[in-house]
Amino acid sequence: MNYTLMFYESQEDFAARTDPERQEAYLAGWTHYVHALREAGVVVFGSGLYAPETAATLKRRGGDMVVQDGPFPETKEQLGGIFVLDVPDMDAALEWAARGPVDTVEVRQNIPALK
């Protein structure tokens, strides 16, 4: 079964990605995690996302789609990246999510592709 792990990061986490003094420590956690996922052979797909301020959000208003720059939700954490894993069940997906180098991970089972 495929599960998507959605990793949420704070503004401080996003800033650490490009801060020369914190970047190495930030990337080390992800490097170790990605290596473990690949070694286990459970990764279907994975990708980090650019910072929220690079986003655009489409919102329907009165039948028209309106573009809003930046993220729509007003939250302390934003989606920083995803992994799709092929694991036997939700418990296995949760175990992998708990090993990630962030504090908040949402896990959802994927709906099988239409044939």
# chains A, B, ... in the order shown; residues from 1 in each chain; ligands from 1
call {"tool": "select_by_dssp", "arguments": {"residues": "chain A", "states": "strand (DSSP E)", "output": "ChimeraX atom specification"}}
result
/A:2-10,43-48,56-61,64-69,77-86,104-109
call {"tool": "residues_around", "arguments": {"residues": "region 103-109 of chain A", "least_positions_apart": "6", "cutoff": "12 Å", "atoms": "only C-alpha atoms", "output": "ChimeraX atom specification"}}
result
/A:1-10,13,76-97
call {"tool": "select_by_dssp", "arguments": {"residues": "chain A", "states": "alpha helix (DSSP H)", "output": "JSON list (two decimals) with C-alpha atoms, in the first residue's frame"}}
result
[["chain", "number", "residue", "atom", "x", "y", "z"],
["A", 11, "GLN", "CA", 9.88, 29.36, 9.18],
["A", 12, "GLU", "CA", 13.05, 28.72, 11.16],
["A", 13, "ASP", "CA", 13.44, 25.32, 9.46],
["A", 14, "PHE", "CA", 13.01, 26.90, 6.02],
["A", 15, "ALA", "CA", 15.59, 29.57, 6.93],
["A", 16, "ALA", "CA", 18.07, 26.88, 8.06],
["A", 23, "GLN", "CA", 22.51, 24.42, 6.58],
["A", 24, "GLU", "CA", 24.91, 21.53, 7.20],
["A", 25, "ALA", "CA", 23.10, 20.43, 10.38],
["A", 26, "TYR", "CA", 19.70, 20.81, 8.71],
["A", 27, "LEU", "CA", 20.71, 18.75, 5.67],
["A", 28, "ALA", "CA", 22.43, 16.07, 7.77],
["A", 29, "GLY", "CA", 19.14, 14.98, 9.30],
["A", 30, "TRP", "CA", 17.49, 14.71, 5.90],
["A", 31, "THR", "CA", 20.46, 12.95, 4.31],
["A", 32, "HIS", "CA", 20.42, 10.24, 6.97],
["A", 33, "TYR", "CA", 16.63, 9.82, 6.70],
["A", 34, "VAL", "CA", 16.57, 9.65, 2.88],
["A", 35, "HIS", "CA", 19.42, 7.13, 2.88],
["A", 36, "ALA", "CA", 17.49, 4.91, 5.34],
["A", 37, "LEU", "CA", 14.33, 5.09, 3.20],
["A", 38, "ARG", "CA", 16.21, 4.19, 0.02],
["A", 39, "GLU", "CA", 18.15, 1.41, 1.72],
["A", 40, "ALA", "CA", 14.87, -0.10, 2.93],
["A", 90, "MET", "CA", -0.40, 2.45, 8.45],
["A", 91, "ASP", "CA", 1.74, 1.27, 11.37],
["A", 92, "ALA", "CA", 4.76, 0.90, 9.09],
["A", 93, "ALA", "CA", 4.09, 4.32, 7.55],
["A", 94, "LEU", "CA", 3.87, 5.87, 11.02],
["A", 95, "GLU", "CA", 7.15, 4.26, 12.02],
["A", 96, "TRP", "CA", 8.88, 5.84, 9.02],
["A", 97, "ALA", "CA", 7.19, 9.19, 9.70],
["A", 98, "ALA", "CA", 8.44, 9.16, 13.30]]
call {"tool": "atom_distance", "arguments": {"atom1": "CA of Leu58 (chain A)", "atom2": "CA of Val44 (chain A)"}}
result
27.6 Å
call {"tool": "atom_distance", "arguments": {"atom1": "CA of Thr75 (chain A)", "atom2": "CA of Asn110 (chain A)"}}
result
24.6 Å
call {"tool": "atom_distance", "arguments": {"atom1": "CA of Val67 (chain A)", "atom2": "CA of Thr18 (chain A)"}}
result
27.2 Å
